[in-house]
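The next block holds one structure in the form of structure tokens; read it before the comments.
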Amino acid sequence: MVPVSKKWRYFWLHLKQGLRPYHHLVMLAAILPDASFFNIYLRPRLWRWSGIPVGRDTQIRCLVQVTSGTLSIGKNSRVNIGVHFGCVSGITIGDYCQIGAHTLFETMGHSIAPVPNNVRRARPAPIVMEDYAWVGAGAIILPGVTIGRGAVVGAGAVVTKDVPPFTVVVGVPARPIREVVHAV
């Protein structure tokens, strides 16, 4: 008997659970090797087959996770290694966007008030990333945030509020530090 690697075992366990129709294609795309053929051609195609709208010439690298919900990615965008899309309430990525490695998009929040039985009320809110925006590696984008056209989110920033167009934000929580000279 041939030993099965952990990533294939992970894929088959989730395939049996049946998260949503065709979700197994997204999971298969996540564990394919990180090579240009897979990033440019095969991975975006598997995502389209699973029902996620992905624009043409978009590149998606390996280990990208997508939870149940709605996600759409525009044309000529780049999604780097290890990005997590928690799309319960919906995530929209525009055209010509760049998303750094290990970035977290989370659309589900909850109340911070103490409640009986520790069951807090969920507050889903969509995330929108407009055209030409760039999110640096390790950034966290929280529910209800809109990242404006041409805006830049610095590496490791935690974005809790909307980012105006053509603005650079950094820090925890993210604060504007300067404007971007725009050519688009």
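By order in the structure tokens, chains are A, B, ...; within a chain, residues start at 1; ligands start at 1, following the order shown.
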Taking the backbone alone, and naming residues the way the document does, which bits of chain A are strand (DSSP E) by DSSP, as a tab-separated table (two decimals) with C-alpha atoms, in the first residue's frame?
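Contents of part.tsv, freshly written:
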chain	number	residue	atom	x	y	z
A	59	GLN	CA	-3.13	34.29	-10.99
A	60	ILE	CA	-3.86	32.27	-7.85
A	65	GLN	CA	-8.48	28.75	1.45
A	66	VAL	CA	-12.06	29.71	0.64
A	71	LEU	CA	-16.38	35.41	-3.67
A	72	SER	CA	-15.59	37.12	-6.96
A	73	ILE	CA	-12.22	38.17	-8.35
A	78	ARG	CA	-2.88	38.30	-8.13
A	79	VAL	CA	-3.61	36.16	-5.06
A	84	HIS	CA	-7.71	32.94	3.59
A	85	PHE	CA	-11.08	34.15	2.30
A	86	GLY	CA	-13.78	33.81	4.98
A	91	ILE	CA	-15.98	39.25	-0.80
A	92	THR	CA	-15.48	41.21	-4.02
A	93	ILE	CA	-11.98	41.72	-5.43
A	98	GLN	CA	-2.69	42.33	-5.61
A	99	ILE	CA	-3.05	40.34	-2.39
A	104	LEU	CA	-6.83	37.12	6.00
A	105	PHE	CA	-10.20	38.38	4.71
A	106	GLU	CA	-12.88	37.74	7.34
A	108	MET	CA	-17.95	37.42	10.02
A	109	GLY	CA	-17.74	39.36	13.26
A	110	HIS	CA	-19.66	39.12	16.52
A	122	ALA	CA	-22.99	37.04	14.54
A	123	ARG	CA	-22.56	40.18	12.47
A	124	PRO	CA	-21.68	39.40	8.87
A	127	ILE	CA	-15.64	43.14	2.09
A	128	VAL	CA	-14.96	45.06	-1.13
A	129	MET	CA	-11.53	45.61	-2.65
A	134	TRP	CA	-2.87	46.29	-3.07
A	135	VAL	CA	-2.88	44.44	0.26
A	140	ILE	CA	-6.05	41.27	8.20
A	141	ILE	CA	-9.16	42.75	6.60
A	146	THR	CA	-14.07	48.75	1.59
A	147	ILE	CA	-10.55	49.23	0.26
A	152	VAL	CA	-2.32	50.30	-0.43
A	153	VAL	CA	-2.60	48.34	2.82
A	158	VAL	CA	-5.31	45.25	10.64
A	159	VAL	CA	-7.94	47.11	8.64
A	167	THR	CA	-4.26	56.14	0.32
A	168	VAL	CA	-1.55	54.13	2.09
A	169	VAL	CA	-2.59	52.66	5.46
A	170	VAL	CA	-0.35	50.84	7.95
A	175	ARG	CA	-4.17	54.41	9.86
A	176	PRO	CA	-3.48	56.54	6.76
A	177	ILE	CA	0.11	57.74	6.42
A	178	ARG	CA	0.11	59.30	2.95
A	179	GLU	CA	-1.58	59.46	-0.42
Give one line per residue of region 72-116 of chain A that approaches region 36-41 of chain A to at most 12 Å, naming the two atoms of the closest pair and their distance in Å to one decimal, counting only C-alpha atoms; sort by chain then ascending residue number and deliver it as JSON lines.
{"residue": "A:Lys75", "atom": "CA", "partner": "A:Ile40", "partner_atom": "CA", "distance": 11.9}
{"residue": "A:Asn76", "atom": "CA", "partner": "A:Ile40", "partner_atom": "CA", "distance": 10.1}
{"residue": "A:Ser77", "atom": "CA", "partner": "A:Ile40", "partner_atom": "CA", "distance": 10.6}
{"residue": "A:Arg78", "atom": "CA", "partner": "A:Asn39", "partner_atom": "CA", "distance": 9.5}
{"residue": "A:Val79", "atom": "CA", "partner": "A:Asn39", "partner_atom": "CA", "distance": 9.3}
{"residue": "A:Asn80", "atom": "CA", "partner": "A:Asn39", "partner_atom": "CA", "distance": 9.5}
{"residue": "A:Ile81", "atom": "CA", "partner": "A:Asn39", "partner_atom": "CA", "distance": 10.1}
Restricting it to C-alpha atoms, dump the selection as a PDB file, in the first residue's frame.
ATOM      1  CA  LYS A  75      -9.386  40.304 -14.210  1.00  0.00           C
ATOM      2  CA  ASN A  76      -5.599  40.426 -14.032  1.00  0.00           C
ATOM      3  CA  SER A  77      -5.460  40.177 -10.222  1.00  0.00           C
ATOM      4  CA  ARG A  78      -2.883  38.298  -8.130  1.00  0.00           C
ATOM      5  CA  VAL A  79      -3.608  36.163  -5.057  1.00  0.00           C
ATOM      6  CA  ASN A  80      -0.466  35.043  -3.236  1.00  0.00           C
ATOM      7  CA  ILE A  81       0.315  31.948  -1.128  1.00  0.00           C
TER       8      ILE A  81
END
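Taking CA of Gly51 (chain A) and CA of Leu28 (chain A) as endpoints, the distance between them is 14.2 Å.
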Practice item. Could you find all residues in region 1-131 of chain A that DSSP calls alpha helix (DSSP H) from the backbone, and write them as a VMD selection string? Key: chain A and resid 6 to 17 23 to 31 36 43 to 49
Could the residues in this selection be written to a file with N, CA and C atoms, as a compact mmCIF listing (two decimals), in the first residue's frame?
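Here's the written file part-v2.txt:
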# COMPACT_ATOMS: atom_id res chain seq x y z
N LYS A 6 -0.27 13.92 3.85
CA LYS A 6 -1.26 14.57 4.70
C LYS A 6 -2.17 15.49 3.91
N LYS A 7 -1.63 16.20 2.91
CA LYS A 7 -2.49 17.13 2.17
C LYS A 7 -3.55 16.39 1.36
N TRP A 8 -3.25 15.23 0.82
CA TRP A 8 -4.27 14.47 0.09
C TRP A 8 -5.31 13.91 1.06
N ARG A 9 -4.86 13.47 2.24
CA ARG A 9 -5.79 12.99 3.25
C ARG A 9 -6.75 14.11 3.66
N TYR A 10 -6.22 15.33 3.84
CA TYR A 10 -7.02 16.50 4.17
C TYR A 10 -8.05 16.77 3.08
N PHE A 11 -7.61 16.68 1.82
CA PHE A 11 -8.51 16.89 0.69
C PHE A 11 -9.66 15.89 0.70
N TRP A 12 -9.38 14.61 0.88
CA TRP A 12 -10.42 13.60 0.83
C TRP A 12 -11.37 13.69 2.02
N LEU A 13 -10.87 14.05 3.20
CA LEU A 13 -11.75 14.23 4.35
C LEU A 13 -12.78 15.32 4.09
N HIS A 14 -12.34 16.43 3.51
CA HIS A 14 -13.28 17.52 3.22
C HIS A 14 -14.19 17.18 2.05
N LEU A 15 -13.70 16.39 1.12
CA LEU A 15 -14.54 15.96 0.00
C LEU A 15 -15.72 15.14 0.51
N LYS A 16 -15.47 14.29 1.50
CA LYS A 16 -16.53 13.47 2.08
C LYS A 16 -17.55 14.32 2.83
N GLN A 17 -17.10 15.43 3.45
CA GLN A 17 -18.01 16.26 4.21
C GLN A 17 -18.99 17.01 3.32
N HIS A 23 -17.06 22.44 -4.05
CA HIS A 23 -16.05 23.04 -3.18
C HIS A 23 -14.76 22.22 -3.19
N HIS A 24 -14.88 20.95 -3.47
CA HIS A 24 -13.69 20.10 -3.52
C HIS A 24 -12.71 20.55 -4.62
N LEU A 25 -13.21 21.21 -5.67
CA LEU A 25 -12.32 21.71 -6.72
C LEU A 25 -11.42 22.83 -6.19
N VAL A 26 -11.96 23.70 -5.34
CA VAL A 26 -11.17 24.77 -4.73
C VAL A 26 -10.12 24.16 -3.81
N MET A 27 -10.50 23.14 -3.07
CA MET A 27 -9.55 22.49 -2.16
C MET A 27 -8.46 21.76 -2.94
N LEU A 28 -8.83 21.14 -4.05
CA LEU A 28 -7.84 20.49 -4.90
C LEU A 28 -6.88 21.53 -5.46
N ALA A 29 -7.41 22.68 -5.88
CA ALA A 29 -6.57 23.76 -6.42
C ALA A 29 -5.58 24.24 -5.37
N ALA A 30 -5.97 24.25 -4.11
CA ALA A 30 -5.11 24.74 -3.03
C ALA A 30 -3.88 23.87 -2.83
N ILE A 31 -4.00 22.58 -3.07
CA ILE A 31 -2.88 21.68 -2.78
C ILE A 31 -2.04 21.33 -4.00
N SER A 36 4.06 27.87 -12.30
CA SER A 36 3.38 28.83 -13.16
C SER A 36 2.18 28.24 -13.88
N ARG A 43 -5.36 26.53 -11.71
CA ARG A 43 -6.04 26.92 -10.47
C ARG A 43 -7.22 27.86 -10.72
N PRO A 44 -7.07 28.96 -11.51
CA PRO A 44 -8.23 29.81 -11.79
C PRO A 44 -9.36 29.05 -12.50
N ARG A 45 -8.98 28.12 -13.36
CA ARG A 45 -10.00 27.33 -14.06
C ARG A 45 -10.78 26.45 -13.09
N LEU A 46 -10.10 25.81 -12.15
CA LEU A 46 -10.78 24.99 -11.14
C LEU A 46 -11.73 25.85 -10.30
N TRP A 47 -11.29 27.06 -9.96
CA TRP A 47 -12.16 27.96 -9.20
C TRP A 47 -13.41 28.32 -10.01
N ARG A 48 -13.23 28.60 -11.31
CA ARG A 48 -14.39 28.92 -12.15
C ARG A 48 -15.35 27.73 -12.22
N TRP A 49 -14.81 26.53 -12.37
CA TRP A 49 -15.65 25.33 -12.42
C TRP A 49 -16.41 25.14 -11.11
Exercise for review: Enter the distance from CA of Asp95 (chain A) to CA of Pro165 (chain A), in Å, rounded to one decimal.
Suggested key: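 Separation of CA of Asp95 (chain A) and CA of Pro165 (chain A): 14.5 Å.
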